[in-house]
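Reproduced below: model.pdb, with PDB, C-alpha atoms (C1' of nucleotides).
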ATOM      1  CA  MET A1119      94.780 123.237  88.411
ATOM      2  CA  THR A1120      96.241 119.877  89.264
ATOM      3  CA  THR A1121      93.128 117.795  88.908
ATOM      4  CA  LYS A1122      93.193 115.668  91.995
ATOM      5  CA  SER A1123      91.257 112.543  91.189
ATOM      6  CA  LYS A1124      92.345 111.649  87.740
ATOM      7  CA  THR A1125      92.634 107.901  87.853
ATOM      8  CA  THR A1126      90.634 106.852  90.907
ATOM      9  CA  GLN A1127      93.423 104.648  92.204
ATOM     10  CA  HIS A1128      96.058 106.992  93.517
ATOM     11  CA  ALA A1129      96.169 110.547  94.695
ATOM     12  CA  ALA A1130      99.850 111.438  94.866
ATOM     13  CA  ALA A1131     102.400 111.558  92.097
ATOM     14  CA  ASP A1132     105.377 110.566  94.167
ATOM     15  CA  VAL A1133     108.308 109.363  92.115
ATOM     16  CA  PHE A1134     109.578 107.096  94.862
ATOM     17  CA  THR A1135     106.234 105.385  95.032
ATOM     18  CA  ALA A1136     106.122 105.136  91.277
ATOM     19  CA  ILE A1137     109.338 103.158  91.057
ATOM     20  CA  ALA A1138     108.538 101.021  94.073
ATOM     21  CA  HIS A1139     106.605  98.476  92.053
ATOM     22  CA  PRO A1140     108.637  95.931  90.079
ATOM     23  CA  ALA A1141     106.232  95.997  87.168
ATOM     24  CA  ARG A1142     106.592  99.741  86.910
ATOM     25  CA  ARG A1143     110.367  99.470  86.862
ATOM     26  CA  GLY A1144     110.083  96.808  84.200
ATOM     27  CA  ILE A1145     107.953  99.118  82.112
ATOM     28  CA  LEU A1146     110.498 101.891  82.461
ATOM     29  CA  ASP A1147     113.231  99.464  81.453
ATOM     30  CA  MET A1148     111.312  98.601  78.332
ATOM     31  CA  LEU A1149     110.682 102.232  77.546
ATOM     32  CA  ALA A1150     114.421 102.807  77.671
ATOM     33  CA  SER A1151     114.597 101.024  74.337
ATOM     34  CA  GLY A1152     112.245 103.493  72.757
ATOM     35  CA  GLU A1153     108.641 104.597  72.782
ATOM     36  CA  MET A1154     106.030 101.868  72.896
ATOM     37  CA  THR A1155     102.306 101.421  72.968
ATOM     38  CA  VAL A1156     100.329  99.755  75.725
ATOM     39  CA  THR A1157      99.739  96.685  73.608
ATOM     40  CA  THR A1158     103.429  96.239  72.964
ATOM     41  CA  ILE A1159     104.260  96.528  76.624
ATOM     42  CA  ALA A1160     101.488  94.211  77.708
ATOM     43  CA  ALA A1161     102.608  91.666  75.132
ATOM     44  CA  GLN A1162     105.730  91.055  77.202
ATOM     45  CA  PRO A1163     105.530  88.342  79.845
ATOM     46  CA  PHE A1164     104.627  90.655  82.669
ATOM     47  CA  GLY A1165     102.025  88.314  83.993
ATOM     48  CA  MET A1166      99.178  90.778  83.932
ATOM     49  CA  SER A1167      96.496  92.051  81.655
ATOM     50  CA  ARG A1168      96.539  95.126  79.509
ATOM     51  CA  PRO A1169      94.347  97.227  81.812
ATOM     52  CA  ALA A1170      96.824  96.574  84.604
ATOM     53  CA  VAL A1171      99.629  97.842  82.425
ATOM     54  CA  SER A1172      97.518 100.823  81.513
ATOM     55  CA  GLN A1173      96.984 101.656  85.163
ATOM     56  CA  HIS A1174     100.669 101.360  85.910
ATOM     57  CA  LEU A1175     101.333 103.657  83.010
ATOM     58  CA  ALA A1176      98.867 106.109  84.484
ATOM     59  CA  VAL A1177     100.865 106.152  87.697
ATOM     60  CA  LEU A1178     104.096 106.642  85.804
ATOM     61  CA  LEU A1179     102.471 109.331  83.727
ATOM     62  CA  GLU A1180     101.310 111.293  86.713
ATOM     63  CA  SER A1181     104.666 110.960  88.418
ATOM     64  CA  GLY A1182     106.222 112.497  85.340
ATOM     65  CA  LEU A1183     108.465 109.539  84.625
ATOM     66  CA  VAL A1184     106.858 108.952  81.249
ATOM     67  CA  SER A1185     104.998 111.026  78.730
ATOM     68  CA  MET A1186     102.317 110.043  76.270
ATOM     69  CA  GLU A1187     101.746 110.980  72.678
ATOM     70  CA  THR A1188      98.613 109.978  70.846
ATOM     71  CA  ARG A1189      99.212 109.103  67.228
ATOM     72  CA  GLY A1190      96.157 107.831  65.512
ATOM     73  CA  ARG A1191      94.469 105.281  67.699
ATOM     74  CA  GLU A1192      97.682 104.313  69.422
ATOM     75  CA  ASN A1193      99.232 105.955  72.432
ATOM     76  CA  TYR A1194     102.986 105.988  72.455
ATOM     77  CA  TYR A1195     104.640 106.190  75.835
ATOM     78  CA  GLN A1196     108.091 107.671  76.125
ATOM     79  CA  LEU A1197     110.579 107.543  78.942
ATOM     80  CA  ARG A1198     111.189 110.828  80.710
ATOM     81  CA  PRO A1199     114.315 110.206  82.779
ATOM     82  CA  GLU A1200     114.713 113.806  83.864
ATOM     83  CA  ASN A1201     112.051 113.327  86.480
ATOM     84  CA  LEU A1202     114.078 110.481  87.899
ATOM     85  CA  ASN A1203     116.365 113.193  89.139
ATOM     86  CA  GLU A1204     114.410 113.539  92.357
ATOM     87  CA  VAL A1205     115.414 110.037  93.351
ATOM     88  CA  TYR A1206     118.917 110.615  92.175
ATOM     89  CA  ARG A1207     119.178 113.791  94.139
ATOM     90  CA  TRP A1208     118.131 112.062  97.300
ATOM     91  CA  ILE A1209     120.641 109.285  96.855
ATOM     92  CA  THR A1210     123.277 111.901  96.213
ATOM     93  CA  HIS A1211     122.390 113.214  99.611
ATOM     94  CA  PHE A1212     124.494 110.379 100.991
ATOM     95  CA  GLU A1213     127.439 111.199  98.805
ATOM     96  CA  ARG A1214     129.611 111.839 101.822
ATOM     97  CA  PHE A1215     129.914 108.076 102.056
ATOM     98  CA  TRP A1216     130.822 107.838  98.404
ATOM     99  CA  PRO A1217     133.286 109.450  96.018
ATOM    100  CA  GLU A1218     132.659 113.016  95.010
ATOM    101  CA  LYS A1219     132.076 112.180  91.412
ATOM    102  CA  LEU A1220     128.392 112.281  92.128
ATOM    103  CA  ASP A1221     128.536 115.975  92.622
ATOM    104  CA  ALA A1222     129.264 116.702  89.011
ATOM    105  CA  LEU A1223     126.295 114.733  87.836
ATOM    106  CA  GLY A1224     124.088 116.330  90.424
ATOM    107  CA  ALA A1225     124.942 119.710  89.019
ATOM    108  CA  TYR A1226     124.159 118.482  85.542
ATOM    109  CA  LEU A1227     120.776 117.241  86.568
ATOM    110  CA  ASP A1228     120.274 120.590  88.175
ATOM    111  CA  THR A1229     120.590 122.306  84.833
ATOM    112  CA  LEU A1230     118.175 119.816  83.371
ATOM    113  CA  GLU A1231     115.649 120.874  85.926
ATOM    114  CA  ASP A1232     115.986 124.496  84.946
ATOM    115  CA  ASN A1233     115.813 123.837  81.257
ATOM    116  CA  PRO A1234     113.644 120.817  80.621
ATOM    117  CA  HIS A1235     112.556 119.576  77.268
ATOM    118  CA  PRO A1236     109.695 121.512  75.688
ATOM    119  CA  LEU A1237     107.514 118.421  75.826
ATOM    120  CA  THR A1238     107.638 118.147  79.575
ATOM    121  CA  PRO A1239     104.604 119.640  81.287
ATOM    122  CA  SER A1240     106.667 119.950  84.503
ATOM    123  CA  PRO A1241     104.013 118.867  86.983
ATOM    124  CA  LEU A1242     105.421 120.622  89.998
ATOM    125  CA  HIS A1243     108.266 119.112  91.909
ATOM    126  CA  GLY A1244     106.946 120.363  95.211
ATOM    127  CA  GLU A1245     106.749 117.914  98.080
ATOM    128  CA  GLY A1246     108.956 120.055 100.232
ATOM    129  CA  GLU A1247     111.082 117.925 102.477
TER
ATOM    130  CA  MET B 792     118.690  84.588 108.336
ATOM    131  CA  THR B 793     115.994  85.878 106.051
ATOM    132  CA  THR B 794     113.330  84.845 108.488
ATOM    133  CA  LYS B 795     110.162  85.355 106.573
ATOM    134  CA  SER B 796     107.599  86.336 109.185
ATOM    135  CA  LYS B 797     109.668  88.498 111.439
ATOM    136  CA  THR B 798     107.537  91.514 112.011
ATOM    137  CA  THR B 799     104.044  90.469 111.012
ATOM    138  CA  GLN B 800     103.550  93.503 108.803
ATOM    139  CA  HIS B 801     105.658  92.931 105.744
ATOM    140  CA  ALA B 802     107.023  89.941 103.920
ATOM    141  CA  ALA B 803     109.513  91.289 101.424
ATOM    142  CA  ALA B 804     112.735  93.190 101.982
ATOM    143  CA  ASP B 805     112.643  95.214  98.813
ATOM    144  CA  VAL B 806     114.867  98.269  98.933
ATOM    145  CA  PHE B 807     112.685 100.212  96.524
ATOM    146  CA  THR B 808     109.693  99.641  98.733
ATOM    147  CA  ALA B 809     111.707 100.578 101.789
ATOM    148  CA  ILE B 810     112.571 104.025 100.471
ATOM    149  CA  ALA B 811     109.111 104.615  99.064
ATOM    150  CA  HIS B 812     107.762 105.943 102.343
ATOM    151  CA  PRO B 813     108.650 109.549 103.217
ATOM    152  CA  ALA B 814     109.056 108.740 106.901
ATOM    153  CA  ARG B 815     111.531 106.028 106.072
ATOM    154  CA  ARG B 816     113.554 108.413 103.924
ATOM    155  CA  GLY B 817     113.490 110.927 106.737
ATOM    156  CA  ILE B 818     114.843 108.325 109.110
ATOM    157  CA  LEU B 819     117.638 107.505 106.709
ATOM    158  CA  ASP B 820     118.414 111.195 106.407
ATOM    159  CA  MET B 821     118.709 111.449 110.154
ATOM    160  CA  LEU B 822     120.890 108.378 110.337
ATOM    161  CA  ALA B 823     123.243 110.021 107.889
ATOM    162  CA  SER B 824     124.330 112.250 110.747
ATOM    163  CA  GLY B 825     125.347 109.285 112.846
ATOM    164  CA  GLU B 826     123.904 106.349 114.705
ATOM    165  CA  MET B 827     120.806 106.985 116.779
ATOM    166  CA  THR B 828     118.405 105.201 119.041
ATOM    167  CA  VAL B 829     114.703 104.823 118.466
ATOM    168  CA  THR B 830     113.895 107.377 121.103
ATOM    169  CA  THR B 831     116.127 109.965 119.502
ATOM    170  CA  ILE B 832     114.559 109.411 116.119
ATOM    171  CA  ALA B 833     111.024 109.455 117.449
ATOM    172  CA  ALA B 834     111.765 112.673 119.300
ATOM    173  CA  GLN B 835     111.928 114.482 115.983
ATOM    174  CA  PRO B 836     108.684 115.957 114.658
ATOM    175  CA  PHE B 837     107.809 112.996 112.511
ATOM    176  CA  GLY B 838     104.222 113.064 113.573
ATOM    177  CA  MET B 839     104.013 109.492 114.748
ATOM    178  CA  SER B 840     104.567 107.434 117.830
ATOM    179  CA  ARG B 841     107.637 105.490 118.807
ATOM    180  CA  PRO B 842     106.206 102.087 117.861
ATOM    181  CA  ALA B 843     105.580 103.436 114.389
ATOM    182  CA  VAL B 844     109.197 104.480 114.107
ATOM    183  CA  SER B 845     110.240 101.114 115.414
ATOM    184  CA  GLN B 846     108.226  99.376 112.726
ATOM    185  CA  HIS B 847     109.680 101.556 110.013
ATOM    186  CA  LEU B 848     113.105 100.738 111.363
ATOM    187  CA  ALA B 849     112.228  97.067 111.156
ATOM    188  CA  VAL B 850     111.457  97.505 107.478
ATOM    189  CA  LEU B 851     114.700  99.351 106.916
ATOM    190  CA  LEU B 852     116.548  96.729 108.888
ATOM    191  CA  GLU B 853     115.199  93.885 106.826
ATOM    192  CA  SER B 854     115.898  95.699 103.601
ATOM    193  CA  GLY B 855     119.498  96.033 104.706
ATOM    194  CA  LEU B 856     119.519  99.807 104.574
ATOM    195  CA  VAL B 857     120.292 100.080 108.266
ATOM    196  CA  SER B 858     121.950  97.899 110.857
ATOM    197  CA  MET B 859     121.320  97.657 114.566
ATOM    198  CA  GLU B 860     123.700  97.346 117.453
ATOM    199  CA  THR B 861     122.457  96.721 120.956
ATOM    200  CA  ARG B 862     124.512  98.506 123.568
ATOM    201  CA  GLY B 863     123.144  98.116 127.014
ATOM    202  CA  ARG B 864     119.427  98.665 126.900
ATOM    203  CA  GLU B 865     119.580 100.939 123.898
ATOM    204  CA  ASN B 866     119.566  99.929 120.282
ATOM    205  CA  TYR B 867     121.688 102.070 118.033
ATOM    206  CA  TYR B 868     120.718 102.135 114.380
ATOM    207  CA  GLN B 869     123.346 102.871 111.775
ATOM    208  CA  LEU B 870     122.992 103.802 108.154
ATOM    209  CA  ARG B 871     124.120 101.163 105.714
ATOM    210  CA  PRO B 872     124.329 103.028 102.403
ATOM    211  CA  GLU B 873     125.945 100.166 100.519
ATOM    212  CA  ASN B 874     122.597  98.471 100.213
ATOM    213  CA  LEU B 875     121.302 101.588  98.525
ATOM    214  CA  ASN B 876     123.429 100.466  95.640
ATOM    215  CA  GLU B 877     120.598  98.390  94.240
ATOM    216  CA  VAL B 878     118.587 101.536  93.626
ATOM    217  CA  TYR B 879     121.619 103.314  92.347
ATOM    218  CA  ARG B 880     122.417 100.506  89.989
ATOM    219  CA  TRP B 881     118.952 100.599  88.536
ATOM    220  CA  ILE B 882     119.073 104.333  87.977
ATOM    221  CA  THR B 883     122.446 103.883  86.359
ATOM    222  CA  HIS B 884     120.664 101.635  83.946
ATOM    223  CA  PHE B 885     119.424 104.796  82.296
ATOM    224  CA  GLU B 886     122.867 106.320  82.114
ATOM    225  CA  ARG B 887     122.666 106.415  78.353
ATOM    226  CA  PHE B 888     120.559 109.514  78.812
ATOM    227  CA  TRP B 889     123.075 111.010  81.198
ATOM    228  CA  PRO B 890     126.823 111.613  81.321
ATOM    229  CA  GLU B 891     129.001 108.544  81.624
ATOM    230  CA  LYS B 892     130.454 109.528  84.943
ATOM    231  CA  LEU B 893     127.961 107.282  86.616
ATOM    232  CA  ASP B 894     129.766 104.202  85.459
ATOM    233  CA  ALA B 895     132.821 104.763  87.603
ATOM    234  CA  LEU B 896     130.789 105.147  90.721
ATOM    235  CA  GLY B 897     128.804 102.056  89.975
ATOM    236  CA  ALA B 898     132.000 100.054  89.906
ATOM    237  CA  TYR B 899     133.094 101.585  93.171
ATOM    238  CA  LEU B 900     129.866 100.662  94.858
ATOM    239  CA  ASP B 901     130.438  97.189  93.569
ATOM    240  CA  THR B 902     133.645  96.953  95.539
ATOM    241  CA  LEU B 903     131.877  98.388  98.560
ATOM    242  CA  GLU B 904     129.558  95.452  98.464
ATOM    243  CA  ASP B 905     132.471  93.087  98.812
ATOM    244  CA  ASN B 906     134.328  95.119 101.380
ATOM    245  CA  PRO B 907     131.957  97.047 103.631
ATOM    246  CA  HIS B 908     134.256  99.276 105.589
ATOM    247  CA  PRO B 909     132.952 100.948 108.748
ATOM    248  CA  LEU B 910     131.271 104.116 107.735
ATOM    249  CA  THR B 911     132.481 107.392 109.093
ATOM    250  CA  PRO B 912     129.522 109.386 110.282
ATOM    251  CA  SER B 913     130.168 113.082 110.546
ATOM    252  CA  PRO B 914     128.421 114.093 113.735
ATOM    253  CA  LEU B 915     126.313 117.148 113.174
ATOM    254  CA  HIS B 916     127.509 118.413 109.881
ATOM    255  CA  GLY B 917     124.553 120.687 109.512
ATOM    256  CA  GLU B 918     123.160 119.121 106.421
ATOM    257  CA  GLY B 919     120.050 121.235 106.144
ATOM    258  CA  GLU B 920     118.700 122.697 102.965
TER
ATOM    259  C1'  DC C 444      79.177 102.166  56.840
ATOM    260  C1'  DG C 445      80.508  98.289  59.925
ATOM    261  C1'  DG C 446      83.658  95.192  62.116
ATOM    262  C1'  DA C 447      88.038  94.916  64.314
ATOM    263  C1'  DT C 448      91.596  97.410  67.142
ATOM    264  C1'  DT C 449      93.421 100.194  70.639
ATOM    265  C1'  DC C 450      92.773 102.327  74.701
ATOM    266  C1'  DG C 451      91.236 104.365  79.210
ATOM    267  C1'  DT C 452      88.288 103.920  83.002
ATOM    268  C1'  DA C 453      84.603 102.219  86.548
ATOM    269  C1'  DA C 454      83.496  98.638  89.717
ATOM    270  C1'  DG C 455      84.624  95.004  92.704
ATOM    271  C1'  DG C 456      87.296  92.034  95.813
ATOM    272  C1'  DG C 457      91.468  90.348  97.906
ATOM    273  C1'  DA C 458      95.648  91.568  99.873
ATOM    274  C1'  DT C 459      98.891  94.593 102.079
ATOM    275  C1'  DC C 460     100.150  98.651 104.496
ATOM    276  C1'  DA C 461     100.386 102.209 108.312
ATOM    277  C1'  DC C 462      99.234 103.612 112.562
ATOM    278  C1'  DT C 463      97.706 103.475 117.652
ATOM    279  C1'  DA C 464      97.194 101.327 122.042
ATOM    280  C1'  DA C 465      98.615  97.839 125.148
ATOM    281  C1'  DC C 466     101.795  94.525 126.720
ATOM    282  C1'  DA C 467     106.157  91.803 127.857
ATOM    283  C1'  DA C 468     111.187  91.411 128.153
ATOM    284  C1'  DG C 469     115.651  93.171 129.247
ATOM    285  C1'  DT C 470     118.758  96.849 131.370
ATOM    286  C1'  DT C 471     120.303 100.543 134.473
ATOM    287  C1'  DG C 472     121.004 102.675 138.838
ATOM    288  C1'  DA C 473     119.965 103.483 143.672
TER
ATOM    289  C1'  DT D   6     115.763  94.006 144.817
ATOM    290  C1'  DC D   7     112.798  97.452 142.915
ATOM    291  C1'  DA D   8     111.417 101.299 140.178
ATOM    292  C1'  DA D   9     112.349 103.700 135.905
ATOM    293  C1'  DC D  10     113.638 103.409 131.272
ATOM    294  C1'  DT D  11     114.197 101.598 126.478
ATOM    295  C1'  DT D  12     112.571  98.664 123.209
ATOM    296  C1'  DG D  13     110.215  95.170 120.227
ATOM    297  C1'  DT D  14     105.995  92.970 119.319
ATOM    298  C1'  DT D  15     100.985  91.877 119.029
ATOM    299  C1'  DA D  16      96.114  92.946 118.164
ATOM    300  C1'  DG D  17      93.056  95.642 115.746
ATOM    301  C1'  DT D  18      91.220  99.185 112.609
ATOM    302  C1'  DG D  19      91.097 102.189 108.662
ATOM    303  C1'  DA D  20      93.126 103.202 104.431
ATOM    304  C1'  DT D  21      95.437 102.179 100.180
ATOM    305  C1'  DC D  22      97.061  99.270  96.654
ATOM    306  C1'  DC D  23      96.808  95.912  92.757
ATOM    307  C1'  DC D  24      94.555  93.119  89.686
ATOM    308  C1'  DT D  25      90.583  91.341  86.850
ATOM    309  C1'  DT D  26      86.307  91.802  84.414
ATOM    310  C1'  DA D  27      83.342  94.659  81.869
ATOM    311  C1'  DC D  28      82.178  98.655  79.420
ATOM    312  C1'  DG D  29      82.332 102.855  76.352
ATOM    313  C1'  DA D  30      84.890 106.047  73.258
ATOM    314  C1'  DA D  31      87.825 106.740  69.377
ATOM    315  C1'  DT D  32      90.282 105.135  65.199
ATOM    316  C1'  DC D  33      91.638 102.351  61.078
ATOM    317  C1'  DC D  34      90.542  99.496  57.113
ATOM    318  C1'  DG D  35      87.781  96.927  53.876
TER
END

Any chance you could put this one into structure tokens?
Amino acid sequence: MTTKSKTTQHAAADVFTAIAHPARRGILDMLASGEMTVTTIAAQPFGMSRPAVSQHLAVLLESGLVSMETRGRENYYQLRPENLNEVYRWITHFERFWPEKLDALGAYLDTLEDNPHPLTPSPLHGEGE
Amino acid sequence: MTTKSKTTQHAAADVFTAIAHPARRGILDMLASGEMTVTTIAAQPFGMSRPAVSQHLAVLLESGLVSMETRGRENYYQLRPENLNEVYRWITHFERFWPEKLDALGAYLDTLEDNPHPLTPSPLHGEGE
DNA sequence: CGGATTCGTAAGGGATCACTAACAAGTTGA
DNA sequence: TCAACTTGTTAGTGATCCCTTACGAATCCG
């Protein structure tokens, strides 16, 4: 049912907004090395407390850029780059200024969208533009 | 340049922040069809006044995503996709999850940064969905 | 069982953003 | 020169964001 107010801080799950914050990009960069817990991420010199990291992770989670898996008392966050495809698609929109090599990748990401990983809850890529 | 307080509203010229707003992306989409004036852009059903568009253009201008050229009493805004390369580069950072075709384009955009040739806007290409 | 972890979330305040209305400066054409 | 047009900018308000502190729930280990 798309619970609207889940985290009290934000209402939309826009991917562009999610990657707008440098800390959020840094978190995604870290997650590219493998799944991590909140404590591990917050241990890095991000300059903010663990709750702040947790809130950023909530934004990333709702935008679909990361996924969470609870194992014991630890929550492991994993990168979910498929949902980055919305940004990629938009940038590809300007491909007429660039080489056409982008087109091939765009098609590939297209197939990813049709056949996502079984873990992905696919939280609606609406936002018709 | 890099005058800090130029528009009173923002302080940073972050490209990620610039493309975070849907209206700003819409403006960039329009500019992909060719250079336009503020009046032409504001004439589209964006749902906001001309000053609002002007302020969004100021953000885009400072982020380097667009450039302005004053001709007579009209200001023509042109798309500057090379500066979108920062976003593209970051997304490429996750290329290990994607095909390696991205790498070639990244290098090409690198050369674009050094040699920004005049872009060739296709007037009215009918780029709709 | 009880203390130590790990974590998400509520509450609060400070900062920034986004928009509208009003104004001032520069340009065009008669 | 004067009126019309195009534009950027300022002031001001309402909303949103981001972070910290504090708290409660759940889990692991001795």

### Task
Please write as a list in words the full residue list that the PyMOL selection byres ((chain A) within 6 of (chain B)) yields on this file.
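When the PyMOL selection byres ((chain A) within 6 of (chain B)) is applied, the selected residues are Phe1134, Thr1135 and Ala1138 of chain A.
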
Take the residues from that selection and put them in a file with C-alpha atoms, as an mmCIF file, in the coordinates of the input.
data_model
loop_
_atom_site.group_PDB
_atom_site.id
_atom_site.type_symbol
_atom_site.label_atom_id
_atom_site.label_comp_id
_atom_site.auth_asym_id
_atom_site.auth_seq_id
_atom_site.Cartn_x
_atom_site.Cartn_y
_atom_site.Cartn_z
ATOM 1 C CA PHE A 1134 109.578 107.096 94.862
ATOM 2 C CA THR A 1135 106.234 105.385 95.032
ATOM 3 C CA ALA A 1138 108.538 101.021 94.073
#

### Task
Tell me the residues of chain B close to chain C, meaning within 7 Å using all atoms listed in the file, as JSON, numbers by chain.
{"B": [843, 863, 864]}

Residues of chain D within 12 Å of chain B, only C-alpha atoms (C1' of nucleotides) counted, as a JSON list (two decimals) with C-alpha atoms (C1' of nucleotides), in the frame of the given file:
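Produced file part_7.json, reproduced below:
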[["chain", "number", "residue", "atom", "x", "y", "z"],
["D", 10, "DC", "C1'", 113.64, 103.41, 131.27],
["D", 11, "DT", "C1'", 114.20, 101.60, 126.48],
["D", 12, "DT", "C1'", 112.57, 98.66, 123.21],
["D", 13, "DG", "C1'", 110.22, 95.17, 120.23],
["D", 14, "DT", "C1'", 106.00, 92.97, 119.32],
["D", 15, "DT", "C1'", 100.98, 91.88, 119.03],
["D", 16, "DA", "C1'", 96.11, 92.95, 118.16]]

### Message
Rounded to one decimal, what separation in Å do you get between CA of Ala1131 (chain A) and CA of Met839 (chain B)?
### Response
22.8 Å

### Message
Report, in Å with one decimal, the straight-line distance from CA of Met1154 (chain A) to C1' of DT21 (chain D).
### Response
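Here the two named atoms are 29.3 Å from each other.
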
### Task
Kindly give the distance, in Å, that separates CA of Glu860 (chain B) and CA of Ala834 (chain B), rounded to a single decimal.
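Taking CA of Glu860 (chain B) and CA of Ala834 (chain B), their separation equals 19.5 Å.
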